[in-house]
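The structure appears right after this line, and notes come after that.
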Amino acid sequence: MIETFVFAGPHNGLSTIAFGLLGLLIGSFLNVVIYRLPKMYLRDVDNFVAEQRQEELPHPDKFNLMLPRSACPHCGHKITGLENIPIISYLVIGGKCTGCKAKISIRYPLIEALTALLTAGMIWHFGSGVAGMGAVVFVWLLIAMTFIDLDHKLLLDDLTLGLMWLGLLLNAYGGFVTLKDAVLGAVIGYLSLWSVYWIYKLIRGREGFGYGDFKLLAAFGAWMGWSMLPVIILLSTLVGSVIGIAQIVSKKFGWESEIPFGPYLTGAGLIALIWGRQIVDFYLSTL
């Protein structure tokens, strides 16, 4: 029998609001992660190559999630605390740098708002127990992975493997599925896309997926169990179809963009986490 999720109990309005506000702050931090984490990875790669060649390091300065302090990329103006209040600061300063008046991308407040809404939604749906707290962290990691993949076509191990290990740990203490199903989910999730990757490469002579996609599906298996993997794969195809249609339409207006497979998977994983049980039940009742 297919495993179902354990829900934490009735909705709690106060907890939902509190976690929504926390989501605003986390969203501000995720903007930093999305911008800096891939740069940290690429800088480490450059430094490693230089070390192997016994050359001078191209990036000797410190660059991590904390240092250096956030600044305007145009004029170097250091972002103050008052300029870093989620959403409010963006509105007060009119979406422009207070130093040089360069335009600040609206994506920053949108990510903050998205994080707040999804964080509140997870608590509203799952409650504030083990499942709810886990779902909140799940969403935070998905947001970071989605936008990094959109920007750089990278699904970093720091996020995908972290999500997988967290899922296994959560299910070891009564999260969403049994630990056995979580372990099987991680293994089957990885091997399923790994197999498709090599079959596609042998037939077409080129790659269809990246290794990050294997690890992301393994992470979803670790969270939701092996039985939810077919649903996630099907949903990722549907999400991809919808986005593909939107891309076809956008090309007619001169808007062209290439979207990697990772965001399709993250969208499918989020849908499966929230409504996977209902989708499976509907499918089985239909059969």
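In the structure tokens, each chain is lettered A, B, ... as it comes, each chain's residues begin at 1, and ligands are numbered from 1 in order of appearance.
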(message) Can you tell me which residues surround Ser70 in chain A at a distance of at most 10 Å, considering only C-alpha atoms, apart from same-chain residues fewer than 5 positions away, and format the answer as a ChimeraX atom specification?
(response) /A:32,65,76-80,84
(message) Applying 8 Å and only C-alpha atoms, which residues near Leu168 in chain A remain after dropping the ones on its own chain fewer than 3 positions away? List them as number ranges by chain.
(response) A: 164-165, 171-172, 179, 182-183, 222-223
Next, write the just-selected residues to a file, as a PDB file, in the first residue's frame, keeping C-alpha atoms as the atom set.
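Final file, selection_28.pdb:
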```pdb
ATOM      1  CA  MET A 164      18.339  14.673   0.825  1.00  0.00           C
ATOM      2  CA  TRP A 165      20.101  14.128   4.165  1.00  0.00           C
ATOM      3  CA  ASN A 171      11.777  10.580   8.376  1.00  0.00           C
ATOM      4  CA  ALA A 172      13.945   8.792  10.932  1.00  0.00           C
ATOM      5  CA  LEU A 179      12.704   5.522   7.090  1.00  0.00           C
ATOM      6  CA  ALA A 182      12.749   7.271   2.508  1.00  0.00           C
ATOM      7  CA  VAL A 183      15.965   5.321   1.879  1.00  0.00           C
ATOM      8  CA  ALA A 222      14.111  10.822   0.743  1.00  0.00           C
ATOM      9  CA  TRP A 223      11.334  13.209   1.803  1.00  0.00           C
TER      10      TRP A 223
END
```
(request) Could you jot down the CA of Asp149 in chain A to CA of Leu30 in chain A separation for me, Å, one decimal place? (result)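 Atom-to-atom, CA of Asp149 in chain A and CA of Leu30 in chain A are spaced 13.7 Å apart.
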Please report as CSV every residue of range 112-228 of chain A lying within 9 Å of range 273-281 of chain A, along with the nearest atom pair and their distance in Å (one decimal), using only C-alpha atoms.
```
residue,atom,partner,partner_atom,distance
A:Met122,CA,A:Ile274,CA,8.1
A:His125,CA,A:Ile274,CA,7.7
A:Phe126,CA,A:Ile274,CA,8.5
A:Ala135,CA,A:Leu273,CA,8.0
A:Phe220,CA,A:Leu273,CA,8.8
A:Trp223,CA,A:Leu273,CA,8.5
A:Met224,CA,A:Leu273,CA,7.1
A:Met228,CA,A:Gly276,CA,7.1
```
(request) Write out as a list in words which residues come within 10 Å of Leu265 in chain A when counting only C-alpha atoms, dropping same-chain ones fewer than 2 positions away. (result)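 My list of contacting residues is Leu142, Thr146, Asp213, Leu216, Leu217, Phe220, Ile232, Ile233, Leu234, Leu235, Ser236, Thr237, Val239, Gly240, Pro260, Phe261, Gly262, Pro263, Gly267, Ala268, Gly269, Leu270 and Ile271 of chain A.
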(message) Based on the backbone DSSP call, show me all residues of range 16-183 of chain A assigned strand (DSSP E or B), as a list in words.
(response) Ala71, Lys78, Lys96 and Lys103 of chain A
(request) Excluding range 71-75 of chain A and any residue of its chain fewer than 6 positions from it, enumerate the residues within 9 Å of it, using only C-alpha atoms, and give them as a list in words. (result)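 What passes the distance filter is Cys97, Gly99, Cys100, Ala102 and Ile104 of chain A.
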Using the selection just defined, write its residues with N, CA, C and O atoms as a short mmCIF file (atom, residue, chain, number, x, y, z; two decimals), in the first residue's frame.
```cif
data_model
loop_
_atom_site.label_atom_id
_atom_site.label_comp_id
_atom_site.auth_asym_id
_atom_site.auth_seq_id
_atom_site.Cartn_x
_atom_site.Cartn_y
_atom_site.Cartn_z
N CYS A 97 18.92 52.38 -5.94
CA CYS A 97 20.03 52.53 -5.01
C CYS A 97 20.04 53.95 -4.47
O CYS A 97 19.91 54.92 -5.23
N GLY A 99 22.51 55.43 -3.37
CA GLY A 99 23.78 56.07 -3.70
C GLY A 99 23.81 56.62 -5.11
O GLY A 99 24.04 57.81 -5.33
N CYS A 100 23.57 55.74 -6.10
CA CYS A 100 23.69 56.15 -7.50
C CYS A 100 22.37 56.17 -8.26
O CYS A 100 22.33 56.48 -9.45
N ALA A 102 20.70 53.70 -9.32
CA ALA A 102 20.55 52.60 -10.27
C ALA A 102 19.36 51.75 -9.86
O ALA A 102 19.06 51.58 -8.67
N ILE A 104 17.07 48.73 -8.87
CA ILE A 104 17.24 47.46 -8.18
C ILE A 104 16.18 46.49 -8.71
O ILE A 104 15.01 46.85 -8.84
#
```
